[in-house]
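**Q** What follows is a structure written as structure tokens; I'll ask about it next.
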Amino acid sequence: MSLKSIFDAKEVKAEFEKAGINPSFIPVIWKHVMNHNPNNTTNKTMEWKEIPSLPSAAYSLLNSKFKPLTSSIHSLLHSSDHVTSKLLIKLQNGAFIEAVIMTYDTRLGKYNGNPRPGGTRSTLCVSSQVGCKMGCKFCATGSMGFKNNLSSGEIVEQLVHASRVSPIRNVVFMGMGEPLNNYTALVEAIRVMMGSPFQLSPKRITVSTVGIVHAINKLHNDLPGLNLAVSLHAPVQDIRCQIMPAARAFPLEKLMAALQEYQKNSQQKIFIEYIMLDGVNDEEQHAHLLGKLLETFQVVVNLIPFNPIGTLSQFSTSSEEKVSRFQKILRGTYNIRTTVRKEMGQDISGACGQLVVNLPDKRSIGNSGLVTDIEDLHL
């Protein structure tokens, strides 16, 4: 029988309680696992006996049931853009997932007309599934089909691995898979990330979804304060269905009603993700339709240049002129805050929509050149 991840919180807590061990020791164990950097020690694999002052029963339980990490970094690639790194992570079942670290500078740009405070920090883009059921035609992950859900521990372990590469301030669930299709593990993983030793604020965590309506209806109650991003990508149902087959199950009218209720309950802005596909959804008429669809909401629209996915590409990237015109319509006519996502990590297939498992060689990184981050927009 395979050992479970120590970060599978629900199972660890249940086993501790069954053995009469105080669950308050669990965050202590997590902290020791976090602080064990295999690059800085001769002992690459952590052993439970290295953690001092646990009850004796805890050591035998940990040895028989749990591993510090069930996954490992297979390769770490650094982009020539000097701000993006991609982790290829091997799971215990032999499958692979990808996570992406993006380094930003919070001092770039202005806030309320004044220079922004802060400095450099990193955002981690995590995966929630191996492959994806949604089958979005512009996304490489969709071409893999669905393999399996990740456990909550496998989701959290991505943060553990990434934290050994760079201090992580934000986490976005925009990697492989549809997070709300793995709802229970997602909620459990985020609760672990918000607790000790990670201590991430819910304001620093963003969950992206194609629009799983029944899950959106539960999300605010289960994880209040979280950022919600919606992969809308089209202002009308028929275009959504053409490029996102799963949209047939979640009609636009029902999705917008769910978002309206979510916003009413959360009192938070919603991020709207909109991939720009030349001749498909990027014309002026589409901008006006999108503006009318969103004008009663408090949103930030993030226009995403389409990132080619090799021979899988049946779409072309919208021109900068089209993107700019689209943005000006949303801003000028509808007063909707609209940004254009900077393309990052294309050369290592780490950009939006490019995550699909392959087994590449390691590459090196040079000096950092820094960009600002959408995660700061809601401040």
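Letters A, B, ... go to the chains of the structure tokens in the order shown; residues in each chain start at 1; ligands are counted from 1 in the same order.
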Hey, what's within 10 Å of A:Val213 if we count only C-alpha atoms and toss same-chain stuff fewer than 5 positions away? As a ChimeraX atom specification, please?

**A** /A:180,218,249-252,254-259

**Q** Can you write out as CSV which residues of stretch 29-63 of chain A fall within 12 Å of stretch 165-178 of chain A, alongside each residue's closest atom pair and its distance in Å to one decimal, counting only C-alpha atoms and ordering rows by chain and ascending residue number?

**A**
```
residue,atom,partner,partner_atom,distance
A:Met34,CA,A:Pro167,CA,11.6
A:Asn37,CA,A:Val165,CA,9.8
A:Pro38,CA,A:Val165,CA,11.5
A:Asn39,CA,A:Val165,CA,10.2
```

**Q** In Å, with one decimal, what is the gap from atom CA of A:Ser80 to atom CA of A:Ala95?

**A**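 If I compute the distance from atom CA of A:Ser80 to atom CA of A:Ala95, I get 27.0 Å.
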
**Q** From the options A:Ser316, A:Thr333, A:Ser266, A:Thr296, which residue's atoms come nearest to A:Asp282, counting only C-alpha atoms?

**A**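 The shortest atom-to-atom distance to A:Asp282 comes from A:Ser316.
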
**Q** Within 7 Å of stretch 65-74 of chain A, counting only C-alpha atoms, which residues qualify if same-chain residues fewer than 6 places away don't, as a tab-separated table (two decimals) with N, CA, C and O atoms, in the first residue's frame?

**A**
```tsv
chain	number	residue	atom	x	y	z
A	3	LEU	N	2.19	4.92	0.75
A	3	LEU	CA	2.09	5.85	1.86
A	3	LEU	C	1.45	7.15	1.39
A	3	LEU	O	1.63	7.57	0.26
A	4	LYS	N	0.71	7.79	2.28
A	4	LYS	CA	0.03	9.05	1.96
A	4	LYS	C	0.97	10.23	2.20
A	4	LYS	O	1.94	10.15	2.95
A	5	SER	N	0.63	11.37	1.58
A	5	SER	CA	1.37	12.60	1.82
A	5	SER	C	1.04	13.13	3.21
A	5	SER	O	-0.11	13.11	3.64
A	6	ILE	N	2.06	13.63	3.91
A	6	ILE	CA	1.83	14.24	5.21
A	6	ILE	C	0.95	15.48	5.09
A	6	ILE	O	0.35	15.94	6.07
A	33	VAL	N	9.07	19.73	7.56
A	33	VAL	CA	9.16	19.28	6.16
A	33	VAL	C	9.47	20.48	5.26
A	33	VAL	O	10.31	20.38	4.36
A	46	MET	N	14.13	13.23	3.84
A	46	MET	CA	13.90	13.50	5.26
A	46	MET	C	13.36	12.26	5.96
A	46	MET	O	12.55	11.52	5.41
A	87	LEU	N	8.26	23.93	-13.04
A	87	LEU	CA	8.60	22.69	-12.35
A	87	LEU	C	7.81	21.54	-12.97
A	87	LEU	O	6.58	21.61	-13.07
A	88	LEU	N	8.51	20.52	-13.41
A	88	LEU	CA	7.88	19.28	-13.83
A	88	LEU	C	7.96	18.32	-12.64
A	88	LEU	O	9.06	17.97	-12.19
A	89	ILE	N	6.82	17.96	-12.10
A	89	ILE	CA	6.75	17.22	-10.84
A	89	ILE	C	6.24	15.80	-11.09
A	89	ILE	O	5.20	15.62	-11.74
A	90	LYS	N	6.98	14.83	-10.59
A	90	LYS	CA	6.58	13.43	-10.73
A	90	LYS	C	5.81	12.99	-9.50
A	90	LYS	O	6.27	13.15	-8.36
A	91	LEU	N	4.62	12.44	-9.71
A	91	LEU	CA	3.77	11.98	-8.63
A	91	LEU	C	4.10	10.54	-8.25
A	91	LEU	O	4.79	9.83	-8.99
A	92	GLN	N	3.56	10.10	-7.14
A	92	GLN	CA	3.82	8.76	-6.65
A	92	GLN	C	3.30	7.68	-7.60
A	92	GLN	O	3.88	6.59	-7.70
A	157	GLU	N	1.91	19.97	-1.99
A	157	GLU	CA	3.33	19.68	-2.24
A	157	GLU	C	3.92	20.54	-3.35
A	157	GLU	O	5.13	20.81	-3.35
```

**Q** Go through stretch 213-266 of chain A and flag each residue having an atom no more than 7 Å from stretch 134-154 of chain A; for those, report the closest pair of atoms plus their distance in Å to one decimal, using only C-alpha atoms, ordered by chain and rising number, as JSON lines.

**A**
```
{"residue": "A:Ile243", "atom": "CA", "partner": "A:Lys137", "partner_atom": "CA", "distance": 5.4}
{"residue": "A:Met244", "atom": "CA", "partner": "A:Cys136", "partner_atom": "CA", "distance": 4.5}
{"residue": "A:Pro245", "atom": "CA", "partner": "A:Gly135", "partner_atom": "CA", "distance": 6.4}
{"residue": "A:Ala246", "atom": "CA", "partner": "A:Met134", "partner_atom": "CA", "distance": 5.3}
```

**Q** If you keep C-alpha atoms, can you produce a file of those selected residues as a tab-separated table (two decimals), in the first residue's frame?

**A**
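What landed in result.tsv:
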```
chain	number	residue	atom	x	y	z
A	243	ILE	CA	-13.98	27.03	-28.18
A	244	MET	CA	-14.94	25.55	-24.78
A	245	PRO	CA	-17.04	22.38	-25.22
A	246	ALA	CA	-17.76	22.19	-21.48
```

**Q** What separation in Å, quoted to one decimal, exists between atom CA of A:Glu50 and atom CA of A:Asn35?

**A**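 It comes out at 11.6 Å.
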
**Q** Which is closer to A:Pro27 than all the others in A:Ser127, A:Thr120, A:Gln199, A:Ser2, using only C-alpha atoms?

**A**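 Closest residue, counting only C-alpha atoms: A:Gln199.
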
**Q** Compile the contact shell of A:Gly20 as JSON, numbers by chain: residues with an atom at most 10 Å away, counting only C-alpha atoms, same-chain residues fewer than 4 positions apart removed.

**A** {"A": [14, 15, 16, 57, 58]}

**Q** Please, could you write that set of residues out with N, CA, C and O atoms as a PDB file, in the first residue's frame?

**A**
```
ATOM      1  N   ALA A  14      -7.186  12.495  11.031  1.00  0.00           N
ATOM      2  CA  ALA A  14      -7.981  11.323  11.424  1.00  0.00           C
ATOM      3  C   ALA A  14      -7.095  10.248  12.054  1.00  0.00           C
ATOM      4  O   ALA A  14      -7.466   9.641  13.075  1.00  0.00           O
ATOM      5  N   GLU A  15      -5.920  10.012  11.471  1.00  0.00           N
ATOM      6  CA  GLU A  15      -5.014   8.992  12.005  1.00  0.00           C
ATOM      7  C   GLU A  15      -4.457   9.408  13.376  1.00  0.00           C
ATOM      8  O   GLU A  15      -4.304   8.576  14.270  1.00  0.00           O
ATOM      9  N   PHE A  16      -4.138  10.689  13.518  1.00  0.00           N
ATOM     10  CA  PHE A  16      -3.629  11.172  14.803  1.00  0.00           C
ATOM     11  C   PHE A  16      -4.689  11.014  15.890  1.00  0.00           C
ATOM     12  O   PHE A  16      -4.393  10.562  16.998  1.00  0.00           O
ATOM     13  N   ALA A  57       4.429   7.689  19.977  1.00  0.00           N
ATOM     14  CA  ALA A  57       3.443   7.041  19.112  1.00  0.00           C
ATOM     15  C   ALA A  57       3.377   7.702  17.735  1.00  0.00           C
ATOM     16  O   ALA A  57       3.020   7.057  16.737  1.00  0.00           O
ATOM     17  N   ALA A  58       3.733   8.977  17.688  1.00  0.00           N
ATOM     18  CA  ALA A  58       3.661   9.709  16.414  1.00  0.00           C
ATOM     19  C   ALA A  58       4.693   9.181  15.418  1.00  0.00           C
ATOM     20  O   ALA A  58       4.409   9.074  14.218  1.00  0.00           O
TER      21      ALA A  58
END
```

**Q** Any chance you could list, as a list of chain:residue names, the residues in stretch 239-354 of chain A that come up strand (DSSP E or B) when DSSP is run on the backbone?

**A**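 Of stretch 239-354 of chain A, only A:Ile270, A:Phe271, A:Ile272, A:Glu273, A:Tyr274, A:Ile275, A:Met276, A:Leu277, A:Val299, A:Val300, A:Val301, A:Asn302, A:Leu303, A:Ile304, A:Pro305, A:Thr317, A:Arg337, A:Thr338, A:Thr339, A:Val340 fall in strand (DSSP E or B).
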
**Q** Would you put the residues from that selection into a file with C-alpha atoms, as a JSON list (two decimals), in the first residue's frame?

**A**
```
[["chain", "number", "residue", "atom", "x", "y", "z"],
["A", 270, "ILE", "CA", -14.16, 39.02, -9.87],
["A", 271, "PHE", "CA", -11.32, 38.50, -12.35],
["A", 272, "ILE", "CA", -12.52, 37.78, -15.88],
["A", 273, "GLU", "CA", -10.04, 35.95, -18.12],
["A", 274, "TYR", "CA", -10.48, 36.45, -21.83],
["A", 275, "ILE", "CA", -8.14, 34.82, -24.34],
["A", 276, "MET", "CA", -7.75, 36.80, -27.56],
["A", 277, "LEU", "CA", -8.24, 34.57, -30.62],
["A", 299, "VAL", "CA", -14.70, 43.03, -12.36],
["A", 300, "VAL", "CA", -11.17, 43.24, -13.65],
["A", 301, "VAL", "CA", -10.92, 41.92, -17.20],
["A", 302, "ASN", "CA", -7.59, 40.32, -18.09],
["A", 303, "LEU", "CA", -7.04, 40.06, -21.85],
["A", 304, "ILE", "CA", -4.72, 37.14, -22.59],
["A", 305, "PRO", "CA", -2.75, 36.94, -25.84],
["A", 317, "THR", "CA", -2.83, 35.33, -31.85],
["A", 337, "ARG", "CA", -10.88, 47.94, -15.55],
["A", 338, "THR", "CA", -9.02, 46.00, -18.24],
["A", 339, "THR", "CA", -5.44, 44.75, -18.33],
["A", 340, "VAL", "CA", -3.40, 42.84, -20.90]]
```

**Q** When you draw a straight line from atom CA of A:Ser163 to atom CA of A:Leu62, how long is it in Å?

**A**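 Between atom CA of A:Ser163 and atom CA of A:Leu62 the gap works out to 23.2 Å.
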
**Q** I need the residues of stretch 36-280 of chain A that end up classed as alpha helix (DSSP H) by DSSP on the backbone, written out as a ChimeraX atom specification.

**A** /A:56-65,152-163,183-194,213-222,237-243,252-266

**Q** Which is closest to A:Phe198 among A:Cys241, A:Gly119, A:Val156, A:Pro235, if we use only C-alpha atoms?

**A**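 Smallest distance to A:Phe198 is found for A:Val156.
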
**Q** So, with only C-alpha atoms as the atoms that count, which of A:Ser231, A:Asn265, A:Asn182, A:Thr123 lies closest to A:Leu159?

**A** A:Thr123
